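Next comes protein.tsv, with TSV, C-alpha atoms and all ligand atoms.
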```tsv
chain	number	residue	atom	x	y	z
G	1	MET	CA	-15.39	-24.33	13.55
G	2	LYS	CA	-16.17	-24.05	9.85
G	3	ILE	CA	-16.57	-21.23	7.36
G	4	ALA	CA	-20.32	-20.76	6.78
G	5	THR	CA	-20.55	-17.82	4.34
G	6	ILE	CA	-18.40	-15.45	2.29
G	7	GLU	CA	-20.11	-12.18	1.36
G	8	GLN	CA	-18.87	-9.10	-0.50
G	9	PHE	CA	-19.62	-5.41	0.15
G	10	PHE	CA	-19.00	-2.26	-1.92
G	11	PRO	CA	-19.43	0.62	0.54
G	12	LEU	CA	-17.19	3.33	-0.99
G	13	PRO	CA	-16.30	4.07	-4.63
G	14	ARG	CA	-12.81	2.59	-4.13
G	15	VAL	CA	-13.43	0.09	-1.33
G	16	ARG	CA	-14.44	-3.54	-1.89
G	17	LEU	CA	-14.74	-5.75	1.21
G	18	VAL	CA	-15.11	-9.44	1.94
G	19	LYS	CA	-16.87	-10.73	5.06
G	20	ILE	CA	-16.37	-14.30	6.25
G	21	THR	CA	-18.75	-15.72	8.85
G	22	THR	CA	-18.18	-19.00	10.70
G	23	ASP	CA	-20.79	-21.53	11.82
G	24	ASN	CA	-20.32	-20.39	15.43
G	25	GLY	CA	-20.89	-16.73	14.58
G	26	LEU	CA	-17.37	-15.30	14.33
G	27	VAL	CA	-16.90	-12.66	11.62
G	28	GLY	CA	-13.73	-11.68	9.76
G	29	TRP	CA	-13.23	-8.77	7.35
G	30	GLY	CA	-10.79	-8.38	4.47
G	31	GLU	CA	-10.31	-5.88	1.64
G	32	THR	CA	-10.21	-6.80	-2.07
G	33	THR	CA	-10.03	-3.39	-3.77
G	34	LEU	CA	-8.06	-3.60	-7.05
G	35	GLU	CA	-7.68	-0.57	-9.29
G	36	GLY	CA	-8.70	-1.29	-12.86
G	37	LYS	CA	-10.22	-4.76	-12.32
G	38	PRO	CA	-12.81	-4.54	-9.51
G	39	ALA	CA	-15.47	-6.76	-11.13
G	40	SER	CA	-12.94	-9.48	-11.94
G	41	VAL	CA	-11.89	-9.69	-8.28
G	42	VAL	CA	-15.53	-9.98	-7.20
G	43	ALA	CA	-15.86	-12.96	-9.57
G	44	ALA	CA	-12.61	-14.48	-8.26
G	45	VAL	CA	-13.84	-14.24	-4.64
G	46	GLU	CA	-17.08	-15.97	-5.69
G	47	GLU	CA	-15.06	-18.79	-7.29
G	48	LEU	CA	-12.83	-19.17	-4.23
G	49	ALA	CA	-15.87	-19.22	-1.92
G	50	GLU	CA	-16.77	-22.62	-3.39
G	51	TYR	CA	-13.52	-23.98	-1.91
G	52	PHE	CA	-13.61	-22.11	1.40
G	53	VAL	CA	-17.17	-22.72	2.61
G	54	GLY	CA	-17.14	-25.67	5.03
G	55	LYS	CA	-13.37	-25.41	5.71
G	56	ASP	CA	-11.61	-24.74	9.04
G	57	PRO	CA	-10.80	-20.97	9.03
G	58	LEU	CA	-7.74	-21.46	11.27
G	59	ARG	CA	-5.70	-23.40	8.65
G	60	ILE	CA	-4.64	-20.17	6.94
G	61	GLU	CA	-1.29	-21.33	5.55
G	62	HIS	CA	-2.81	-24.52	4.15
G	63	HIS	CA	-5.62	-22.58	2.42
G	64	TRP	CA	-3.11	-20.05	1.03
G	65	GLN	CA	-1.05	-22.91	-0.42
G	66	HIS	CA	-4.18	-24.55	-1.86
G	67	VAL	CA	-5.43	-21.40	-3.59
G	68	TYR	CA	-1.99	-20.41	-4.89
G	69	ARG	CA	-0.74	-23.82	-6.02
G	70	SER	CA	-3.72	-25.99	-6.87
G	71	ALA	CA	-4.68	-24.04	-9.97
G	72	PHE	CA	-2.29	-24.62	-12.88
G	73	PHE	CA	-2.11	-20.85	-13.56
G	74	ARG	CA	-0.70	-19.19	-10.45
G	75	GLY	CA	-0.75	-15.65	-9.18
G	76	GLY	CA	-1.82	-12.56	-11.10
G	77	ASN	CA	-3.33	-9.35	-9.71
G	78	ILE	CA	-6.91	-10.64	-9.68
G	79	LEU	CA	-6.37	-13.97	-7.91
G	80	MET	CA	-3.82	-12.51	-5.49
G	81	THR	CA	-6.12	-9.61	-4.53
G	82	ALA	CA	-9.01	-12.03	-3.91
G	83	LEU	CA	-6.73	-14.33	-1.87
G	84	SER	CA	-5.26	-11.35	0.02
G	85	GLY	CA	-8.69	-10.17	1.18
G	86	ILE	CA	-9.73	-13.66	2.25
G	87	ASP	CA	-6.38	-14.13	4.05
G	88	GLN	CA	-6.97	-10.89	6.03
G	89	ALA	CA	-10.47	-12.05	7.00
G	90	LEU	CA	-9.13	-15.43	8.19
G	91	TRP	CA	-6.49	-13.71	10.34
G	92	ASP	CA	-9.28	-11.51	11.77
G	93	ILE	CA	-11.26	-14.65	12.67
G	94	SER	CA	-8.17	-16.36	14.14
G	95	GLY	CA	-7.46	-13.43	16.44
G	96	LYS	CA	-11.08	-13.33	17.57
G	97	HIS	CA	-11.12	-17.11	18.11
G	98	PHE	CA	-8.04	-17.00	20.35
G	99	GLY	CA	-9.03	-13.66	21.94
G	100	VAL	CA	-5.83	-11.83	20.93
G	101	PRO	CA	-4.86	-9.18	18.37
G	102	THR	CA	-3.72	-10.82	15.14
G	103	HIS	CA	-0.12	-9.59	15.61
G	104	ALA	CA	0.12	-11.78	18.73
G	105	LEU	CA	-0.34	-14.83	16.47
G	106	LEU	CA	2.38	-13.66	14.05
G	107	GLY	CA	5.23	-13.96	16.54
G	108	GLY	CA	4.28	-11.01	18.70
G	109	ALA	CA	4.97	-7.31	18.39
G	110	VAL	CA	8.57	-6.11	18.07
G	111	ARG	CA	7.59	-2.47	18.59
G	112	GLU	CA	5.27	-0.51	20.82
G	113	ARG	CA	3.73	1.79	18.19
G	114	ILE	CA	3.61	2.05	14.42
G	115	ARG	CA	4.97	4.98	12.46
G	116	VAL	CA	2.71	6.19	9.64
G	117	TYR	CA	3.30	8.63	6.80
G	118	ALA	CA	0.66	10.78	5.12
G	119	HIS	CA	0.17	12.16	1.63
G	120	TRP	CA	1.07	15.83	1.39
G	121	GLY	CA	2.79	18.01	-1.14
G	122	ILE	CA	2.84	21.41	-2.81
G	123	GLY	CA	1.01	20.59	-6.03
G	124	SER	CA	1.43	23.99	-7.63
G	125	LEU	CA	3.52	27.14	-7.12
G	126	THR	CA	0.53	29.46	-7.62
G	127	ASP	CA	-0.76	31.42	-4.60
G	128	GLU	CA	-3.82	29.20	-4.59
G	129	GLY	CA	-1.72	26.01	-4.78
G	130	LYS	CA	0.50	27.13	-1.91
G	131	ALA	CA	-2.49	28.16	0.21
G	132	SER	CA	-4.20	24.79	-0.16
G	133	ALA	CA	-0.90	22.94	0.52
G	134	ARG	CA	-0.39	25.01	3.67
G	135	GLU	CA	-3.94	24.29	4.82
G	136	ARG	CA	-3.51	20.53	4.36
G	137	LEU	CA	-0.12	20.50	6.09
G	138	ASP	CA	-1.57	22.39	9.08
G	139	MET	CA	-4.51	19.97	9.21
G	140	LEU	CA	-2.26	16.88	9.14
G	141	MET	CA	0.10	18.25	11.76
G	142	ALA	CA	-2.82	19.22	14.02
G	143	LYS	CA	-4.33	15.76	13.54
G	144	GLY	CA	-1.26	13.64	14.18
G	145	SER	CA	2.08	15.50	14.11
G	146	TYR	CA	3.25	13.35	11.19
G	147	THR	CA	7.01	12.92	10.79
G	148	ALA	CA	6.97	11.89	7.10
G	149	PHE	CA	5.01	12.79	3.99
G	150	LYS	CA	4.86	11.56	0.42
G	151	SER	CA	3.81	13.41	-2.72
G	152	GLY	CA	4.58	13.05	-6.40
G	153	PRO	CA	5.50	15.09	-9.38
G	154	GLY	CA	1.96	14.37	-10.69
G	155	GLY	CA	0.75	14.81	-14.24
G	156	LYS	CA	2.06	13.27	-17.46
G	157	TRP	CA	5.77	12.86	-18.13
G	158	ARG	CA	7.17	11.98	-21.56
G	159	ALA	CA	10.52	10.28	-22.22
G	160	HIS	CA	12.01	13.73	-21.76
G	161	GLU	CA	10.63	17.11	-20.72
G	162	PRO	CA	11.98	20.67	-20.97
G	163	PRO	CA	13.95	22.22	-18.08
G	164	SER	CA	10.95	24.36	-17.10
G	165	MET	CA	8.85	21.30	-16.20
G	166	ILE	CA	11.65	19.61	-14.26
G	167	ASP	CA	12.57	22.87	-12.50
G	168	GLU	CA	8.98	23.51	-11.46
G	169	PHE	CA	8.75	20.11	-9.74
G	170	VAL	CA	12.19	20.49	-8.12
G	171	GLU	CA	11.25	23.95	-6.83
G	172	ARG	CA	8.12	22.52	-5.24
G	173	ALA	CA	10.21	19.82	-3.55
G	174	TYR	CA	12.72	22.34	-2.11
G	175	LEU	CA	9.87	24.55	-0.92
G	176	MET	CA	8.36	21.57	0.90
G	177	ARG	CA	11.68	21.04	2.66
G	178	GLU	CA	11.75	24.73	3.62
G	179	TRP	CA	8.26	24.50	5.07
G	180	VAL	CA	8.70	21.32	7.15
G	181	GLY	CA	12.33	21.81	8.21
G	182	PRO	CA	15.02	19.13	8.66
G	183	ASP	CA	13.17	16.92	11.17
G	184	VAL	CA	10.44	15.72	8.80
G	185	GLU	CA	11.08	13.21	6.00
G	186	LEU	CA	9.78	13.81	2.48
G	187	ALA	CA	9.32	11.18	-0.22
G	188	PHE	CA	8.25	11.36	-3.87
G	189	ASP	CA	6.25	8.84	-5.89
G	190	PHE	CA	7.18	8.90	-9.59
G	191	HIS	CA	4.35	6.39	-10.23
G	192	GLY	CA	6.46	4.42	-12.70
G	193	LYS	CA	6.12	7.23	-15.23
G	194	MET	CA	9.77	8.00	-16.01
G	195	THR	CA	12.38	6.49	-18.26
G	196	PRO	CA	15.58	5.50	-16.38
G	197	ALA	CA	17.52	8.49	-17.79
G	198	MET	CA	14.77	10.95	-16.88
G	199	ALA	CA	14.40	9.50	-13.38
G	200	VAL	CA	18.15	9.79	-12.73
G	201	GLU	CA	18.21	13.38	-14.04
G	202	ILE	CA	15.38	14.45	-11.72
G	203	CYS	CA	16.78	12.55	-8.72
G	204	HIS	CA	20.11	14.36	-9.12
G	205	GLU	CA	18.23	17.67	-8.95
G	206	LEU	CA	16.32	16.53	-5.84
G	207	LYS	CA	19.40	15.32	-3.97
G	208	GLY	CA	20.04	18.63	-2.16
G	209	MET	CA	16.68	18.60	-0.37
G	210	ARG	CA	17.47	15.13	1.07
G	211	PRO	CA	14.50	12.96	0.08
G	212	MET	CA	13.51	9.99	2.23
G	213	PHE	CA	13.04	7.96	-0.98
G	214	VAL	CA	11.79	8.08	-4.54
G	215	GLU	CA	9.14	5.47	-5.29
G	216	GLU	CA	8.69	3.59	-8.58
G	217	PRO	CA	11.05	5.83	-10.57
G	218	VAL	CA	10.43	3.54	-13.56
G	219	PRO	CA	7.66	1.03	-14.41
G	220	GLN	CA	7.73	-2.22	-12.44
G	221	GLU	CA	8.26	-4.79	-15.18
G	222	ASN	CA	12.02	-4.40	-15.70
G	223	VAL	CA	14.13	-4.89	-12.57
G	224	ASP	CA	17.41	-4.11	-14.40
G	225	ALA	CA	16.05	-0.67	-15.34
G	226	LEU	CA	15.17	-0.07	-11.68
G	227	LYS	CA	18.63	-1.17	-10.59
G	228	GLN	CA	20.18	1.17	-13.14
G	229	VAL	CA	18.40	4.07	-11.41
G	230	ALA	CA	19.15	2.85	-7.88
G	231	ASP	CA	22.86	2.48	-8.67
G	232	LYS	CA	23.10	6.06	-9.96
G	233	VAL	CA	21.08	7.77	-7.21
G	234	SER	CA	22.60	8.48	-3.80
G	235	PHE	CA	19.39	8.28	-1.74
G	236	PRO	CA	17.01	5.30	-1.28
G	237	ILE	CA	14.79	4.00	-4.06
G	238	ALA	CA	11.52	2.18	-3.23
G	239	THR	CA	9.24	-0.12	-5.21
G	240	GLY	CA	6.73	-2.93	-4.82
G	241	GLU	CA	3.09	-1.83	-4.77
G	242	ARG	CA	2.51	-3.70	-8.06
G	243	LEU	CA	4.63	-6.75	-7.22
G	244	LEU	CA	2.97	-9.92	-5.97
G	245	THR	CA	4.20	-12.74	-3.69
G	246	ARG	CA	7.76	-13.63	-2.67
G	247	TRP	CA	8.40	-14.79	-6.22
G	248	GLY	CA	7.43	-11.36	-7.56
G	249	PHE	CA	9.85	-9.66	-5.15
G	250	ARG	CA	12.65	-12.21	-5.54
G	251	GLU	CA	14.50	-10.51	-8.41
G	252	VAL	CA	14.34	-7.03	-6.82
G	253	ILE	CA	15.67	-8.46	-3.57
G	254	GLU	CA	18.42	-10.64	-5.07
G	255	LYS	CA	19.64	-7.87	-7.41
G	256	GLN	CA	19.35	-5.34	-4.57
G	257	ALA	CA	17.57	-3.03	-7.01
G	258	ALA	CA	15.84	-1.01	-4.27
G	259	ALA	CA	16.49	-0.01	-0.67
G	260	TYR	CA	12.85	-0.15	0.43
G	261	LEU	CA	10.07	-2.54	-0.54
G	262	GLN	CA	6.38	-1.60	-0.61
G	263	PRO	CA	4.25	-4.77	-0.77
G	264	ASP	CA	0.52	-4.17	-0.43
G	265	THR	CA	-1.38	-6.39	2.00
G	266	SER	CA	-4.39	-6.46	-0.35
G	267	HIS	CA	-2.41	-7.50	-3.44
G	268	ALA	CA	0.85	-9.26	-2.53
G	269	GLY	CA	-0.84	-12.21	-0.80
G	270	GLY	CA	-2.33	-10.85	2.41
G	271	ILE	CA	-0.90	-10.76	5.90
G	272	THR	CA	0.60	-14.24	5.43
G	273	GLU	CA	2.70	-13.31	2.39
G	274	LEU	CA	3.59	-9.76	3.45
G	275	LYS	CA	5.39	-11.09	6.52
G	276	LYS	CA	7.33	-13.61	4.42
G	277	ILE	CA	8.38	-10.94	1.88
G	278	ALA	CA	9.61	-8.78	4.78
G	279	ASN	CA	11.57	-11.69	6.24
G	280	MET	CA	13.24	-12.32	2.86
G	281	ALA	CA	14.16	-8.64	2.55
G	282	GLU	CA	15.63	-8.57	6.05
G	283	VAL	CA	18.54	-10.71	4.83
G	284	TYR	CA	19.50	-7.92	2.40
G	285	TYR	CA	19.03	-5.08	4.96
G	286	MET	CA	16.05	-3.84	2.96
G	287	HIS	CA	13.27	-2.12	4.87
G	288	ILE	CA	9.52	-2.36	4.37
G	289	LEU	CA	7.12	0.53	3.77
G	290	PRO	CA	3.83	-1.34	3.25
G	291	HIS	CA	1.79	0.26	0.48
G	292	CYS	CA	-1.84	1.12	1.24
G	293	ALA	CA	-3.80	3.52	-0.95
G	294	ILE	CA	-7.24	1.91	-0.53
G	295	GLY	CA	-9.57	1.46	2.43
G	296	PRO	CA	-9.48	1.06	6.21
G	297	VAL	CA	-9.61	-2.75	6.34
G	298	ALA	CA	-6.45	-3.13	4.21
G	299	PHE	CA	-4.84	-0.44	6.36
G	300	SER	CA	-5.79	-2.24	9.59
G	301	ALA	CA	-4.44	-5.54	8.25
G	302	SER	CA	-1.12	-3.85	7.39
G	303	LEU	CA	-0.72	-2.62	10.98
G	304	HIS	CA	-0.45	-6.22	12.22
G	305	VAL	CA	2.45	-7.01	9.88
G	306	ASP	CA	4.08	-3.66	10.73
G	307	ALA	CA	3.94	-4.69	14.39
G	308	VAL	CA	5.92	-7.91	13.95
G	309	ILE	CA	8.60	-7.28	11.30
G	310	PRO	CA	11.96	-5.95	12.53
G	311	ASN	CA	12.75	-4.27	9.17
G	312	PHE	CA	9.69	-2.02	9.14
G	313	LEU	CA	10.19	1.68	8.35
G	314	ALA	CA	6.77	3.37	8.02
G	315	GLN	CA	3.19	2.58	7.02
G	316	GLU	CA	1.47	4.49	4.21
G	317	GLN	CA	-1.80	6.08	5.31
G	318	ILE	CA	-4.28	7.90	3.11
G	319	ASP	CA	-7.39	9.65	4.41
G	320	GLN	CA	-9.62	6.62	3.86
G	321	GLY	CA	-7.14	4.57	5.89
G	322	LEU	CA	-8.31	6.51	8.92
G	323	GLY	CA	-11.71	4.85	8.55
G	324	GLY	CA	-13.70	6.66	5.87
G	325	GLY	CA	-16.78	6.25	8.07
G	326	LEU	CA	-16.58	2.44	7.79
G	327	LEU	CA	-14.97	1.80	11.17
G	328	GLN	CA	-16.83	2.56	14.36
G	329	GLN	CA	-13.64	4.10	15.73
G	330	ASP	CA	-10.88	5.52	13.55
G	331	TRP	CA	-7.21	4.77	14.22
G	332	GLU	CA	-5.73	7.69	16.13
G	333	VAL	CA	-2.39	9.17	15.05
G	334	VAL	CA	-0.34	10.67	17.87
G	335	ASP	CA	3.14	12.07	17.28
G	336	GLY	CA	3.15	10.45	13.82
G	337	HIS	CA	2.41	6.98	15.25
G	338	ILE	CA	-0.54	4.65	15.86
G	339	ASP	CA	-0.68	2.54	19.01
G	340	LEU	CA	-0.49	-1.21	18.52
G	341	PRO	CA	-3.95	-2.69	17.85
G	342	SER	CA	-5.07	-4.26	21.12
G	343	LYS	CA	-8.52	-5.73	20.40
G	344	PRO	CA	-8.96	-9.34	19.23
G	345	GLY	CA	-8.45	-9.95	15.50
G	346	LEU	CA	-7.61	-7.03	13.23
G	347	GLY	CA	-8.79	-4.75	16.03
G	348	PHE	CA	-11.69	-2.73	14.62
G	349	GLU	CA	-15.46	-2.79	14.78
G	350	ILE	CA	-17.06	-2.31	11.40
G	351	ASP	CA	-20.03	0.04	10.96
G	352	GLU	CA	-22.45	-2.47	9.43
G	353	THR	CA	-24.88	0.25	8.25
G	354	ALA	CA	-22.15	2.17	6.42
G	355	VAL	CA	-20.75	-1.02	4.92
G	356	ALA	CA	-24.16	-2.12	3.62
G	357	GLN	CA	-24.38	0.90	1.29
G	358	HIS	CA	-23.74	-0.18	-2.28
G	359	THR	CA	-21.64	2.18	-4.41
G	360	GLN	CA	-20.47	2.07	-8.02
G	361	TYR	CA	-16.71	1.57	-8.41
G	362	ARG	CA	-14.77	4.71	-9.39
G	363	GLU	CA	-11.04	5.09	-10.10
G	364	GLU	CA	-9.14	7.60	-7.97
G	365	LEU	CA	-7.55	9.42	-10.90
G	366	GLY	CA	-10.53	9.17	-13.24
G	367	GLY	CA	-8.46	8.43	-16.35
G	368	GLU	CA	-7.40	12.05	-16.92
G	369	TYR	CA	-3.78	11.08	-17.46
G	370	TYR	CA	-4.24	8.37	-20.02
G	371	TYR	CA	-3.26	10.28	-23.18
G	372	GLU	CA	-0.41	12.52	-24.29
G	373	THR	CA	-1.05	15.72	-26.26
G	374	ASP	CA	-0.34	13.79	-29.48
G	375	GLY	CA	-3.03	11.21	-28.63
G	376	SER	CA	-0.68	8.39	-27.63
G	377	VAL	CA	-1.11	6.50	-24.37
G	378	ALA	CA	0.64	7.87	-21.27
G	379	ASP	CA	1.39	6.21	-17.93
G	380	TRP	CA	-0.43	7.72	-14.98
G	401	MG	MG	2.96	4.49	-5.52
```
What is this file in structure tokens?
Amino acid sequence: MKIATIEQFFPLPRVRLVKITTDNGLVGWGETTLEGKPASVVAAVEELAEYFVGKDPLRIEHHWQHVYRSAFFRGGNILMTALSGIDQALWDISGKHFGVPTHALLGGAVRERIRVYAHWGIGSLTDEGKASARERLDMLMAKGSYTAFKSGPGGKWRAHEPPSMIDEFVERAYLMREWVGPDVELAFDFHGKMTPAMAVEICHELKGMRPMFVEEPVPQENVDALKQVADKVSFPIATGERLLTRWGFREVIEKQAAAYLQPDTSHAGGITELKKIANMAEVYYMHILPHCAIGPVAFSASLHVDAVIPNFLAQEQIDQGLGGGLLQQDWEVVDGHIDLPSKPGLGFEIDETAVAQHTQYREELGGEYYYETDGSVADW
């Protein structure tokens, strides 16, 4: 069996897909969506296709090593996203070739179902804000009885903000706790927007409502700054959606700068590398919350890693992760969990008509948070 073609599809504004077809007609799908650099990843996949066409699709580890190590310049968001999508598609083909779900080829499932968490929060304390938060919470609970949710403070945060801004966010967090009660876990994504001092100050205010974790309290480049926050906060700190490969996670793991790691199966190096990162983290009793804020193929690929790693905690799921009209059958959430994928490969049938629609790329946040009121650049 040989790889015959590698094609790319752009079916939703924030979903870029790769389709690999073999000479005996097997098809594998992967996702290559990268915020900020979508066209560059498309070009990278085209470059990699020159290597892959004609190769045996089952030698996944060998191909990963070739792509990662044979170029003098290794890694980077663009190459790793392209490789991640291709890696997912090869695992899809492998499962279909052997007639088993991909997780069966990764050592076999260590759990019977996969816990997922959804995005929900009270974005504003106005009557309107509370009404729309209540509506979304009711919808999510009716859809899948979720047991964990994540939201964020949202908006722009400077190096320091007045008590009114901090208090408003903290009040929203405590109100969320009041609404969901003590049996549901609540997490907050700071989106790498805070300084260490600011993050610690806010985390101390949040402590009483017992957060599940705070994600990316500070930007990802400086692990010592992250550790400074983690050491001063009594509940778990998470990070990792912008870190790539085992080498990218190494310092966080060795310094024990976070309790939970959030590698993304479409950026960190695909299914192959996500499992290895999780295995490294297991030694340090760190748990994995795979990041997924893009489309249904990346989400489906994540489920197979979730199935086989002992130190898994919960899988991130956004609305598009449910399918976004691209899968013939959406993943069903029951009691906050998804059943193990049981079909060969990644376990979904793609809707070829929906996938064939070509859409322009559009960022989720639209750039509205790029500038402070004084005109200087802000993190978003
Ligand atoms: Mg995040």
At what distance in Å, to one decimal, does atom CA of Pro13 of chain G lie from atom CA of Ala356 of chain G?
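Result for atom CA of Ala356 of chain G versus atom CA of Pro13 of chain G: 13.0 Å, one decimal.
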Here atom CA of Leu175 of chain G and atom CA of Ala199 of chain G stand apart by 20.1 Å
Would you pick out the contacts of segment 22-37 of chain G at 7 Å or less, using all atoms listed in the file, so that residues sharing its chain but fewer than 3 positions from it are not included, and give the list as a PyMOL selection string?
chain G and resi 1-5+14-19+40-41+81-82+85-86+88-90+92-93+266+294+297-298+363
Given a cut-off of 12 Å, what residues near ligand MG 401 (chain G) show up using only C-alpha atoms and all ligand atoms, put as a PDB file with C-alpha atoms, keeping the file's coordinate frame?
```pdb
ATOM      1  CA  HIS G 119       0.170  12.160   1.630  1.00  0.00           C
ATOM      2  CA  LYS G 150       4.860  11.560   0.420  1.00  0.00           C
ATOM      3  CA  SER G 151       3.810  13.410  -2.720  1.00  0.00           C
ATOM      4  CA  GLY G 152       4.580  13.050  -6.400  1.00  0.00           C
ATOM      5  CA  PRO G 153       5.500  15.090  -9.380  1.00  0.00           C
ATOM      6  CA  GLY G 154       1.960  14.370 -10.690  1.00  0.00           C
ATOM      7  CA  ALA G 187       9.320  11.180  -0.220  1.00  0.00           C
ATOM      8  CA  PHE G 188       8.250  11.360  -3.870  1.00  0.00           C
ATOM      9  CA  ASP G 189       6.250   8.840  -5.890  1.00  0.00           C
ATOM     10  CA  PHE G 190       7.180   8.900  -9.590  1.00  0.00           C
ATOM     11  CA  HIS G 191       4.350   6.390 -10.230  1.00  0.00           C
ATOM     12  CA  GLY G 192       6.460   4.420 -12.700  1.00  0.00           C
ATOM     13  CA  LYS G 193       6.120   7.230 -15.230  1.00  0.00           C
ATOM     14  CA  PHE G 213      13.040   7.960  -0.980  1.00  0.00           C
ATOM     15  CA  VAL G 214      11.790   8.080  -4.540  1.00  0.00           C
ATOM     16  CA  GLU G 215       9.140   5.470  -5.290  1.00  0.00           C
ATOM     17  CA  GLU G 216       8.690   3.590  -8.580  1.00  0.00           C
ATOM     18  CA  PRO G 217      11.050   5.830 -10.570  1.00  0.00           C
ATOM     19  CA  VAL G 218      10.430   3.540 -13.560  1.00  0.00           C
ATOM     20  CA  PRO G 219       7.660   1.030 -14.410  1.00  0.00           C
ATOM     21  CA  GLN G 220       7.730  -2.220 -12.440  1.00  0.00           C
ATOM     22  CA  ILE G 237      14.790   4.000  -4.060  1.00  0.00           C
ATOM     23  CA  ALA G 238      11.520   2.180  -3.230  1.00  0.00           C
ATOM     24  CA  THR G 239       9.240  -0.120  -5.210  1.00  0.00           C
ATOM     25  CA  GLY G 240       6.730  -2.930  -4.820  1.00  0.00           C
ATOM     26  CA  GLU G 241       3.090  -1.830  -4.770  1.00  0.00           C
ATOM     27  CA  ARG G 242       2.510  -3.700  -8.060  1.00  0.00           C
ATOM     28  CA  LEU G 243       4.630  -6.750  -7.220  1.00  0.00           C
ATOM     29  CA  LEU G 261      10.070  -2.540  -0.540  1.00  0.00           C
ATOM     30  CA  GLN G 262       6.380  -1.600  -0.610  1.00  0.00           C
ATOM     31  CA  PRO G 263       4.250  -4.770  -0.770  1.00  0.00           C
ATOM     32  CA  ASP G 264       0.520  -4.170  -0.430  1.00  0.00           C
ATOM     33  CA  LEU G 289       7.120   0.530   3.770  1.00  0.00           C
ATOM     34  CA  PRO G 290       3.830  -1.340   3.250  1.00  0.00           C
ATOM     35  CA  HIS G 291       1.790   0.260   0.480  1.00  0.00           C
ATOM     36  CA  CYS G 292      -1.840   1.120   1.240  1.00  0.00           C
ATOM     37  CA  ALA G 293      -3.800   3.520  -0.950  1.00  0.00           C
ATOM     38  CA  ILE G 294      -7.240   1.910  -0.530  1.00  0.00           C
ATOM     39  CA  GLU G 316       1.470   4.490   4.210  1.00  0.00           C
ATOM     40  CA  GLN G 317      -1.800   6.080   5.310  1.00  0.00           C
ATOM     41  CA  ILE G 318      -4.280   7.900   3.110  1.00  0.00           C
ATOM     42  CA  TRP G 380      -0.430   7.720 -14.980  1.00  0.00           C
TER      43      TRP G 380
END
```
Which one of G:Phe149, G:Phe98, G:Phe72, G:Phe249 sits closest to Tyr117 of chain G if you count all atoms listed in the file?
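Closest to Tyr117 of chain G of all the choices is G:Phe149.
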